[in-house]
file upload23.tsv (TSV, C-alpha atoms and all ligand atoms)
chain	number	residue	atom	x	y	z
A	292	MET	CA	83.25	86.53	92.17
A	293	LYS	CA	83.61	89.64	90.03
A	294	GLY	CA	86.88	91.51	89.71
A	295	ILE	CA	88.61	94.03	87.47
A	296	ALA	CA	91.57	93.18	85.31
A	297	ILE	CA	93.72	95.96	83.86
A	298	GLU	CA	94.33	94.81	80.32
A	299	GLY	CA	96.68	97.51	79.06
A	300	ASP	CA	96.31	100.32	76.54
A	301	ARG	CA	93.66	101.94	78.76
A	302	ASN	CA	91.38	98.91	78.80
A	303	VAL	CA	89.86	97.48	81.96
A	304	SER	CA	87.24	94.77	82.21
A	305	LEU	CA	85.01	93.16	84.79
A	306	LYS	CA	85.47	89.39	84.78
A	307	ASP	CA	84.55	86.30	86.78
A	308	PHE	CA	87.24	84.84	89.01
A	309	PRO	CA	87.17	81.93	91.48
A	310	ILE	CA	87.10	82.97	95.15
A	311	PRO	CA	90.68	82.15	96.23
A	312	GLU	CA	91.49	79.42	98.75
A	313	VAL	CA	93.33	80.61	101.88
A	314	GLY	CA	96.79	79.22	102.58
A	315	LEU	CA	98.10	78.70	106.13
A	316	ASN	CA	99.19	82.34	106.60
A	317	GLN	CA	96.65	84.02	104.36
A	318	VAL	CA	93.50	86.05	104.87
A	319	LEU	CA	90.44	86.26	102.61
A	320	ILE	CA	88.84	89.70	102.91
A	321	LYS	CA	85.40	90.77	101.69
A	322	VAL	CA	86.26	94.10	100.05
A	323	LYS	CA	84.24	97.07	101.31
A	324	SER	CA	86.21	99.81	99.63
A	325	ALA	CA	89.02	100.03	97.09
A	326	THR	CA	90.65	103.20	95.80
A	327	ILE	CA	92.60	103.92	92.65
A	328	CYS	CA	96.21	104.97	93.21
A	329	GLY	CA	98.50	106.81	90.81
A	330	SER	CA	100.55	103.66	90.31
A	331	ASP	CA	97.42	101.78	89.09
A	332	LEU	CA	97.33	104.41	86.35
A	333	HIS	CA	100.89	103.52	85.27
A	334	PHE	CA	99.56	100.01	84.63
A	335	TYR	CA	96.40	101.35	83.00
A	336	ARG	CA	98.51	103.29	80.49
A	337	ALA	CA	100.99	100.45	79.86
A	338	SER	CA	100.64	98.18	76.84
A	339	ALA	CA	99.25	94.67	77.17
A	340	SER	CA	102.66	93.21	76.32
A	341	GLU	CA	104.33	95.27	79.05
A	342	LEU	CA	101.78	93.96	81.56
A	343	GLY	CA	102.24	90.33	80.55
A	344	LYS	CA	100.46	87.84	82.81
A	345	ARG	CA	99.12	90.64	85.00
A	346	THR	CA	96.33	91.29	82.48
A	347	SER	CA	94.60	88.09	83.56
A	348	TYR	CA	94.48	88.80	87.31
A	349	ILE	CA	92.52	91.12	89.58
A	350	SER	CA	94.22	94.48	89.93
A	351	GLY	CA	94.31	97.13	92.67
A	352	HIS	CA	96.43	97.56	95.79
A	353	GLU	CA	94.50	99.99	97.99
A	354	GLY	CA	91.63	98.34	99.78
A	355	SER	CA	89.93	97.51	103.05
A	356	GLY	CA	87.18	95.19	104.16
A	357	VAL	CA	86.01	92.52	106.57
A	358	VAL	CA	87.86	89.26	107.19
A	359	GLU	CA	85.89	86.37	105.74
A	360	ARG	CA	88.31	83.46	106.22
A	361	VAL	CA	91.76	82.94	107.73
A	362	GLY	CA	94.44	80.27	107.31
A	363	ASP	CA	95.22	77.96	110.24
A	364	LYS	CA	98.38	79.84	111.24
A	365	VAL	CA	96.92	83.36	111.19
A	366	ARG	CA	96.96	84.98	114.65
A	367	ASN	CA	96.83	88.76	114.12
A	368	VAL	CA	93.31	89.02	112.64
A	369	GLY	CA	90.15	86.94	112.89
A	370	ILE	CA	86.88	86.39	111.03
A	371	GLY	CA	84.68	89.51	111.17
A	372	ASP	CA	87.56	91.94	111.83
A	373	ARG	CA	87.60	95.19	109.87
A	374	VAL	CA	91.03	95.46	108.23
A	375	ALA	CA	93.22	97.69	106.10
A	376	VAL	CA	96.03	96.18	104.05
A	377	PHE	CA	99.55	97.40	103.42
A	378	HIS	CA	100.15	96.67	99.77
A	379	ARG	CA	103.69	95.28	99.71
A	380	PHE	CA	105.19	92.12	101.11
A	381	GLY	CA	108.44	90.24	100.73
A	382	CYS	CA	109.97	87.00	101.94
A	383	GLY	CA	109.22	88.00	105.55
A	384	TYR	CA	112.62	86.82	106.82
A	385	CYS	CA	115.43	88.99	105.44
A	386	GLY	CA	116.73	92.07	107.25
A	387	LYS	CA	114.67	94.48	105.14
A	388	CYS	CA	111.42	92.56	105.65
A	389	ARG	CA	112.02	92.21	109.39
A	390	THR	CA	112.55	95.96	109.76
A	391	GLY	CA	109.37	96.83	107.88
A	392	TRP	CA	110.77	97.43	104.40
A	393	PRO	CA	109.47	94.52	102.29
A	394	GLN	CA	109.67	96.76	99.21
A	395	TYR	CA	113.45	96.32	99.44
A	396	CYS	CA	113.23	92.58	100.17
A	397	GLU	CA	116.59	90.88	99.64
A	398	SER	CA	114.97	87.86	97.99
A	399	GLY	CA	114.86	89.79	94.72
A	400	GLU	CA	111.18	89.07	94.15
A	401	THR	CA	110.02	92.53	95.14
A	402	ASN	CA	108.23	93.37	91.94
A	403	THR	CA	106.07	90.30	92.02
A	404	LEU	CA	104.99	90.90	95.58
A	405	VAL	CA	102.77	93.94	95.33
A	406	MET	CA	99.07	93.43	96.00
A	407	GLY	CA	97.18	93.51	92.75
A	408	GLN	CA	100.33	93.57	90.66
A	409	ALA	CA	101.33	90.06	91.57
A	410	THR	CA	102.01	87.62	88.81
A	411	ASN	CA	100.89	84.78	91.06
A	412	PRO	CA	97.30	84.92	92.39
A	413	VAL	CA	98.07	82.10	94.82
A	414	ILE	CA	100.17	84.61	96.83
A	415	SER	CA	97.70	87.50	96.73
A	416	THR	CA	94.94	89.00	94.63
A	417	GLY	CA	94.16	92.66	94.09
A	418	THR	CA	91.66	94.90	95.81
A	419	PHE	CA	89.43	95.61	92.76
A	420	GLY	CA	87.25	92.55	93.32
A	421	GLU	CA	84.52	91.32	95.64
A	422	TYR	CA	87.17	89.52	97.70
A	423	MET	CA	90.91	89.93	98.06
A	424	LEU	CA	93.53	87.50	99.28
A	425	ALA	CA	96.41	88.86	101.37
A	426	PRO	CA	99.27	87.48	103.48
A	427	SER	CA	98.34	87.96	107.15
A	428	GLU	CA	101.41	90.13	107.88
A	429	VAL	CA	100.04	92.97	105.74
A	430	CYS	CA	96.56	92.92	107.35
A	431	PHE	CA	95.91	95.46	110.12
A	432	ARG	CA	92.77	95.73	112.24
A	433	ILE	CA	91.05	99.11	112.05
A	434	PRO	CA	88.59	100.34	114.69
A	435	ASP	CA	84.95	101.26	113.89
A	436	SER	CA	85.97	104.94	114.05
A	437	ILE	CA	87.90	104.56	110.76
A	438	ASN	CA	85.61	104.19	107.75
A	439	PHE	CA	86.45	101.72	104.98
A	440	GLU	CA	87.48	104.39	102.45
A	441	SER	CA	89.93	105.84	104.97
A	442	GLY	CA	91.16	102.30	105.65
A	443	SER	CA	91.76	101.80	101.94
A	444	ILE	CA	93.67	105.08	101.58
A	445	ILE	CA	95.80	104.40	104.68
A	446	GLY	CA	97.42	101.31	103.08
A	447	CYS	CA	99.25	103.20	100.31
A	448	ASN	CA	98.66	106.98	100.09
A	449	GLY	CA	98.35	107.36	103.85
A	450	ILE	CA	101.41	105.36	104.87
A	451	THR	CA	103.55	106.95	102.14
A	452	ALA	CA	102.60	110.51	103.12
A	453	TYR	CA	103.05	109.68	106.81
A	454	ASN	CA	106.46	108.19	106.23
A	455	ILE	CA	107.93	111.12	104.31
A	456	ILE	CA	106.62	113.52	106.99
A	457	ARG	CA	108.29	111.36	109.66
A	458	LYS	CA	111.48	111.03	107.64
A	459	LEU	CA	111.84	114.82	107.38
A	460	GLY	CA	111.15	115.17	111.11
A	461	ILE	CA	108.47	117.80	110.49
A	462	SER	CA	107.04	119.14	113.73
A	463	SER	CA	104.19	121.40	114.81
A	464	GLY	CA	104.35	125.04	113.76
A	465	GLN	CA	106.56	124.37	110.74
A	466	VAL	CA	105.65	125.77	107.34
A	467	VAL	CA	105.53	122.98	104.75
A	468	ALA	CA	105.17	123.56	101.00
A	469	VAL	CA	103.27	120.67	99.41
A	470	PHE	CA	103.91	120.44	95.64
A	471	GLY	CA	101.12	118.56	93.85
A	472	LEU	CA	97.65	118.39	95.37
A	473	GLY	CA	96.50	115.08	93.93
A	474	PRO	CA	95.26	112.45	96.40
A	475	LEU	CA	98.75	111.93	97.87
A	476	GLY	CA	99.37	115.64	98.40
A	477	LEU	CA	95.90	116.09	99.94
A	478	THR	CA	96.50	113.13	102.25
A	479	ALA	CA	99.81	114.67	103.35
A	480	GLY	CA	98.15	118.04	103.91
A	481	ILE	CA	95.48	116.54	106.16
A	482	LEU	CA	98.13	114.72	108.21
A	483	LEU	CA	100.36	117.82	108.45
A	484	LYS	CA	97.46	119.93	109.64
A	485	ARG	CA	96.55	117.42	112.36
A	486	MET	CA	100.20	117.35	113.44
A	487	GLY	CA	100.05	121.10	113.92
A	488	ALA	CA	102.16	122.08	110.91
A	489	ILE	CA	101.21	124.79	108.40
A	490	PRO	CA	100.77	123.16	104.95
A	491	ILE	CA	100.68	125.41	101.88
A	492	GLY	CA	99.85	123.70	98.59
A	493	VAL	CA	101.40	124.47	95.20
A	494	GLU	CA	99.30	123.14	92.34
A	495	LEU	CA	98.46	124.20	88.79
A	496	SER	CA	94.88	122.86	88.79
A	497	GLU	CA	92.33	125.33	90.12
A	498	GLU	CA	89.91	122.51	91.12
A	499	ARG	CA	92.58	120.86	93.21
A	500	ARG	CA	93.55	124.13	94.87
A	501	LYS	CA	89.90	124.65	95.82
A	502	LEU	CA	89.72	121.13	97.25
A	503	ALA	CA	92.91	121.70	99.27
A	504	ARG	CA	91.57	124.89	100.86
A	505	LYS	CA	88.56	122.85	102.08
A	506	PHE	CA	90.99	120.57	103.89
A	507	GLU	CA	92.36	123.37	105.99
A	508	PHE	CA	95.54	123.87	104.02
A	509	PHE	CA	96.72	127.31	105.10
A	510	ASP	CA	96.47	128.24	101.43
A	511	ALA	CA	96.94	126.74	97.97
A	512	VAL	CA	98.75	128.66	95.24
A	513	SER	CA	99.84	128.07	91.66
A	514	SER	CA	103.48	129.24	91.76
A	515	ILE	CA	106.37	129.83	94.15
A	516	GLU	CA	106.03	133.58	93.56
A	517	GLU	CA	102.51	133.36	95.01
A	518	LEU	CA	103.84	131.16	97.78
A	519	ARG	CA	106.33	133.90	98.72
A	520	SER	CA	103.44	136.38	98.95
A	521	VAL	CA	101.49	134.02	101.22
A	522	LEU	CA	104.54	133.68	103.51
A	523	LYS	CA	104.44	137.44	104.08
A	524	THR	CA	101.02	137.02	105.71
A	525	ILE	CA	102.29	134.60	108.38
A	526	SER	CA	103.90	135.93	111.59
A	527	ASP	CA	104.57	139.45	110.24
A	528	GLY	CA	106.30	138.02	107.18
A	529	LYS	CA	109.08	136.49	109.28
A	530	ARG	CA	108.42	132.89	108.31
A	531	GLU	CA	110.25	130.76	105.78
A	532	VAL	CA	109.40	127.38	104.28
A	533	ASP	CA	110.87	124.84	106.71
A	534	SER	CA	110.27	121.79	104.52
A	535	ALA	CA	108.90	120.99	101.09
A	536	LEU	CA	107.31	117.79	99.82
A	537	ASP	CA	107.09	116.96	96.14
A	538	PHE	CA	104.30	114.67	94.96
A	539	THR	CA	104.53	115.59	91.28
A	540	GLY	CA	107.77	114.01	90.10
A	541	ASN	CA	108.04	117.02	87.83
A	542	ASN	CA	111.46	118.58	87.20
A	543	THR	CA	110.27	122.18	87.61
A	544	ALA	CA	108.38	121.39	90.82
A	545	ILE	CA	111.38	119.55	92.31
A	546	ASN	CA	113.68	122.49	91.52
A	547	ASN	CA	111.13	124.93	92.96
A	548	ALA	CA	110.83	122.81	96.12
A	549	VAL	CA	114.60	122.93	96.64
A	550	GLU	CA	114.71	126.66	95.90
A	551	ILE	CA	111.86	127.64	98.22
A	552	VAL	CA	113.03	125.91	101.42
A	553	LYS	CA	115.02	127.90	103.94
A	554	PRO	CA	118.77	127.37	104.45
A	555	LEU	CA	119.21	124.05	106.33
A	556	GLY	CA	115.63	123.12	105.38
A	557	SER	CA	114.61	119.75	103.98
A	558	VAL	CA	112.94	118.42	100.85
A	559	GLY	CA	111.14	115.09	100.54
A	560	LEU	CA	110.59	113.56	97.10
A	561	VAL	CA	107.73	111.10	96.65
A	562	GLY	CA	106.12	111.76	93.26
A	563	ILE	CA	107.04	109.65	90.28
A	564	GLY	CA	106.23	111.64	87.16
A	565	PRO	CA	106.97	110.90	83.52
A	566	GLY	CA	109.95	113.28	83.50
A	567	LEU	CA	111.55	112.05	86.72
A	568	GLU	CA	114.35	110.05	85.11
A	569	ALA	CA	115.45	113.06	83.10
A	570	ALA	CA	115.02	115.50	86.00
A	571	SER	CA	118.09	117.57	86.79
A	572	LEU	CA	119.05	119.41	89.90
A	573	SER	CA	122.22	121.44	90.28
A	574	PRO	CA	124.09	120.57	93.51
A	575	LYS	CA	124.73	124.30	93.85
A	576	LYS	CA	121.03	124.72	94.57
A	577	PHE	CA	121.14	122.71	97.78
A	578	LEU	CA	124.83	122.41	98.69
A	579	GLU	CA	125.47	126.10	99.44
A	580	ARG	CA	122.37	126.41	101.61
A	581	GLY	CA	122.79	123.07	103.37
A	582	VAL	CA	119.43	121.74	102.21
A	583	THR	CA	118.75	118.05	102.87
A	584	ILE	CA	117.05	116.12	100.09
A	585	THR	CA	115.58	112.68	100.62
A	586	GLY	CA	112.95	110.47	99.04
A	587	ILE	CA	110.70	107.53	99.70
A	588	LEU	CA	108.78	105.18	97.45
A	589	VAL	CA	106.26	103.81	99.94
A	590	GLY	CA	106.18	103.83	103.71
A	591	ASN	CA	107.45	101.41	106.31
A	592	VAL	CA	104.88	98.74	107.08
A	593	LEU	CA	105.58	98.98	110.83
A	594	ASN	CA	104.29	102.57	110.76
A	595	MET	CA	100.82	101.16	110.00
A	596	TYR	CA	100.17	100.65	113.72
A	597	GLU	CA	100.91	104.25	114.70
A	598	LEU	CA	99.21	105.71	111.62
A	599	ILE	CA	96.00	103.77	112.35
A	600	GLU	CA	96.18	104.99	115.97
A	601	PHE	CA	96.82	108.59	114.84
A	602	VAL	CA	93.93	108.54	112.34
A	603	SER	CA	91.59	107.04	114.94
A	604	THR	CA	92.62	109.35	117.81
A	605	TYR	CA	92.34	112.54	115.76
A	606	LYS	CA	89.21	111.38	113.91
A	607	ILE	CA	90.85	111.90	110.52
A	608	ASP	CA	88.51	111.06	107.67
A	609	PHE	CA	90.47	110.47	104.47
A	610	SER	CA	87.21	109.74	102.62
A	611	ARG	CA	86.92	113.54	102.39
A	612	ILE	CA	89.41	113.44	99.52
A	613	VAL	CA	87.25	110.95	97.58
A	614	THR	CA	85.47	113.02	94.94
A	615	ASP	CA	84.13	110.21	92.75
A	616	ARG	CA	82.65	106.80	93.55
A	617	PHE	CA	81.90	104.05	91.03
A	618	ARG	CA	80.60	100.49	91.18
A	619	LEU	CA	83.01	97.78	90.05
A	620	SER	CA	80.82	97.30	86.98
A	621	ASP	CA	81.58	100.88	85.96
A	622	ALA	CA	85.36	100.53	86.20
A	623	LYS	CA	85.94	102.02	82.75
A	624	SER	CA	84.43	105.35	83.87
A	625	ALA	CA	86.31	105.15	87.16
A	626	PHE	CA	89.67	104.82	85.43
A	627	SER	CA	89.05	107.51	82.86
A	628	LYS	CA	87.98	109.86	85.65
A	629	ALA	CA	91.09	109.01	87.69
A	630	GLU	CA	93.28	109.63	84.66
A	631	MET	CA	91.85	113.11	84.09
A	632	GLY	CA	93.85	114.03	87.17
A	633	SER	CA	92.09	117.25	88.06
A	634	PHE	CA	90.04	115.73	90.85
A	635	GLY	CA	90.51	113.98	94.17
A	636	LYS	CA	90.53	110.26	94.85
A	637	VAL	CA	88.41	107.82	92.88
A	638	ALA	CA	86.85	104.95	94.85
A	639	LEU	CA	85.42	101.63	93.69
A	640	GLU	CA	82.64	99.91	95.59
A	641	PRO	CA	81.99	96.20	95.07
B	701	ZN	ZN	99.59	103.04	95.63
B	702	ZN	ZN	112.58	89.76	102.49

call {"tool": "encode", "arguments": {"input": "upload23.tsv", "output": "structure tokens", "more": "lines below"}}
Ligand SMILES: [Zn+2]
Ligand SMILES: [Zn+2]
result
Amino acid sequence: MKGIAIEGDRNVSLKDFPIPEVGLNQVLIKVKSATICGSDLHFYRASASELGKRTSYISGHEGSGVVERVGDKVRNVGIGDRVAVFHRFGCGYCGKCRTGWPQYCESGETNTLVMGQATNPVISTGTFGEYMLAPSEVCFRIPDSINFESGSIIGCNGITAYNIIRKLGISSGQVVAVFGLGPLGLTAGILLKRMGAIPIGVELSEERRKLARKFEFFDAVSSIEELRSVLKTISDGKREVDSALDFTGNNTAINNAVEIVKPLGSVGLVGIGPGLEAASLSPKKFLERGVTITGILVGNVLNMYELIEFVSTYKIDFSRIVTDRFRLSDAKSAFSKAEMGSFGKVALEP
């Protein structure tokens, strides 16, 4: 079968790989859609030596498809099922894994156990191929009402956005500032809107602001000064920002997010940007006003059930944020488009 390997230094290539054998608890999935995530771009930009063995395996961790084969012990999905995959898995037995947080698996192997970033293709293979191999515990059936692109987005962007919204306890009617309107911010905006909240985007790219307005964001602005003006148009100017989400990982955006929320409001950090490690935030900014700050890397795998139900019930179509589609054979164009960063989601079709 064909699959894409990320080779480092902005090189990707389409190669031939053997179709993997399924182990007792594994599922072979015929990929119908795969989408490029921001973290795939970290690998794309890395050097070949930083990537090590990963350069010789199929990449990609967002994907969905139809079950082709299952191992003898698999009970949760069967041949012919349409499935989405959650992209992280751990030992399956420690406290973190059992409570849905395999990304914090106590076995210490966390970094090797990400779909498509695995250093052992016997455990799993990535989503940027004709088939992918996944442990059964990360496979979730999706109904016919959820298209494959939405299914692909649910497994990383969707679950991450959903989890930070849940963690902040955002409820209907609340004003939420969404910093960064890339695919993750757009996904969050769509979910917030369906939950009855009032998302307002803050984004420097004009194209992305335009895209956000199409998705029923209340508005999309380029600065917090503009955001303050927009607030004056809601409920006779009496509203404040109840919560803010940052998907940029940018120091200025994080500081703006903390500054713009109301006293006792909350801020959720999700974005990992190049300047995140050097980001600085004065405690004075949040301490005096009692602002809660929290963060999340990716969502809880157990939330996949309710997110799939939510997306299906409210007929949410995440494929609306896909602005570019490429065949696997045109992966080079797909990655350079994704890296330009001024568009929506980039999808790959086998
Ligand atoms: Zn991802
Ligand atoms: Zn574990």

call {"tool": "residues_near_ligand", "arguments": {"input": "upload23.tsv", "ligand": "ligand ZN 702 (chain B)", "cutoff": "12 Å", "atoms": "all atoms listed in the file", "output": "count of residues only"}}
result
25

call {"tool": "closest_residue", "arguments": {"input": "upload23.tsv", "among": "A:Ile445, A:Leu319, A:Leu619, A:Leu424", "to": "ligand ZN 701 (chain B)", "atoms": "only C-alpha atoms and all ligand atoms"}}
result
A:Ile445

call {"tool": "closest_atom_pairs", "arguments": {"input": "upload23.tsv", "of": "chain A", "to": "ligand ZN 701 (chain B)", "cutoff": "12 Å", "atoms": "only C-alpha atoms and all ligand atoms", "output": "CSV"}}
result
residue,atom,partner,partner_atom,distance
A:Ala325,CA,B:ZN701,ZN,11.1
A:Thr326,CA,B:ZN701,ZN,8.9
A:Ile327,CA,B:ZN701,ZN,7.6
A:Cys328,CA,B:ZN701,ZN,4.6
A:Gly329,CA,B:ZN701,ZN,6.2
A:Ser330,CA,B:ZN701,ZN,5.4
A:Asp331,CA,B:ZN701,ZN,7.0
A:Leu332,CA,B:ZN701,ZN,9.6
A:His333,CA,B:ZN701,ZN,10.5
A:Phe334,CA,B:ZN701,ZN,11.4
A:Ser350,CA,B:ZN701,ZN,11.6
A:Gly351,CA,B:ZN701,ZN,8.5
A:His352,CA,B:ZN701,ZN,6.3
A:Glu353,CA,B:ZN701,ZN,6.4
A:Gly354,CA,B:ZN701,ZN,10.1
A:Val376,CA,B:ZN701,ZN,11.4
A:Phe377,CA,B:ZN701,ZN,9.6
A:His378,CA,B:ZN701,ZN,7.6
A:Arg379,CA,B:ZN701,ZN,9.7
A:Val405,CA,B:ZN701,ZN,9.6
A:Met406,CA,B:ZN701,ZN,9.6
A:Gly407,CA,B:ZN701,ZN,10.2
A:Gln408,CA,B:ZN701,ZN,10.7
A:Gly417,CA,B:ZN701,ZN,11.8
A:Thr418,CA,B:ZN701,ZN,11.4
A:Ser443,CA,B:ZN701,ZN,10.1
A:Ile444,CA,B:ZN701,ZN,8.6
A:Ile445,CA,B:ZN701,ZN,9.9
A:Gly446,CA,B:ZN701,ZN,8.0
A:Cys447,CA,B:ZN701,ZN,4.7
A:Asn448,CA,B:ZN701,ZN,6.0
A:Gly449,CA,B:ZN701,ZN,9.4
A:Ile450,CA,B:ZN701,ZN,9.7
A:Thr451,CA,B:ZN701,ZN,8.6
A:Ala452,CA,B:ZN701,ZN,11.0
A:Pro474,CA,B:ZN701,ZN,10.4
A:Leu475,CA,B:ZN701,ZN,9.2
A:Val561,CA,B:ZN701,ZN,11.5
A:Gly562,CA,B:ZN701,ZN,11.1
A:Ile563,CA,B:ZN701,ZN,11.3
A:Leu588,CA,B:ZN701,ZN,9.6
A:Val589,CA,B:ZN701,ZN,8.0
A:Gly590,CA,B:ZN701,ZN,10.5
A:Lys636,CA,B:ZN701,ZN,11.6

call {"tool": "residues_around", "arguments": {"input": "upload23.tsv", "residues": "A:Lys321", "least_positions_apart": "3", "cutoff": "8 Å", "atoms": "only C-alpha atoms", "output": "ChimeraX atom specification"}}
result
/A:356-359,421-423

call {"tool": "closest_residue", "arguments": {"input": "upload23.tsv", "among": "A:Ile295, A:Ala468, A:Ile310, A:Val318", "to": "A:Tyr335", "atoms": "all atoms listed in the file"}}
result
A:Ile295

call {"tool": "atom_distance", "arguments": {"input": "upload23.tsv", "atom1": "atom CA of A:Asn367", "atom2": "atom CA of A:Ile437"}}
result
18.5 Å

call {"tool": "closest_residue", "arguments": {"input": "upload23.tsv", "among": "A:Asp608, A:Glu531, A:Glu341, A:Glu312", "to": "A:Ser415", "atoms": "only C-alpha atoms"}}
result
A:Glu312

call {"tool": "residues_around", "arguments": {"input": "upload23.tsv", "residues": "A:Ile297", "least_positions_apart": "3", "cutoff": "10 Å", "atoms": "all atoms listed in the file", "output": "VMD selection string"}}
result
chain A and resid 300 to 305 331 to 332 334 to 337 339 342 345 to 351 407 to 408 419 622 to 623 626

call {"tool": "closest_residue", "arguments": {"input": "upload23.tsv", "among": "A:Gly581, A:Gly528, A:Gly566, A:Gly471", "to": "A:Phe634", "atoms": "all atoms listed in the file"}}
result
A:Gly471

call {"tool": "closest_residue", "arguments": {"input": "upload23.tsv", "among": "A:Pro426, A:Lys323, A:Pro309, A:Tyr453", "to": "A:Leu593", "atoms": "all atoms listed in the file"}}
result
A:Tyr453

call {"tool": "atom_distance", "arguments": {"input": "upload23.tsv", "atom1": "atom CA of A:Ala296", "atom2": "atom CA of A:Gly420"}}
result
9.1 Å
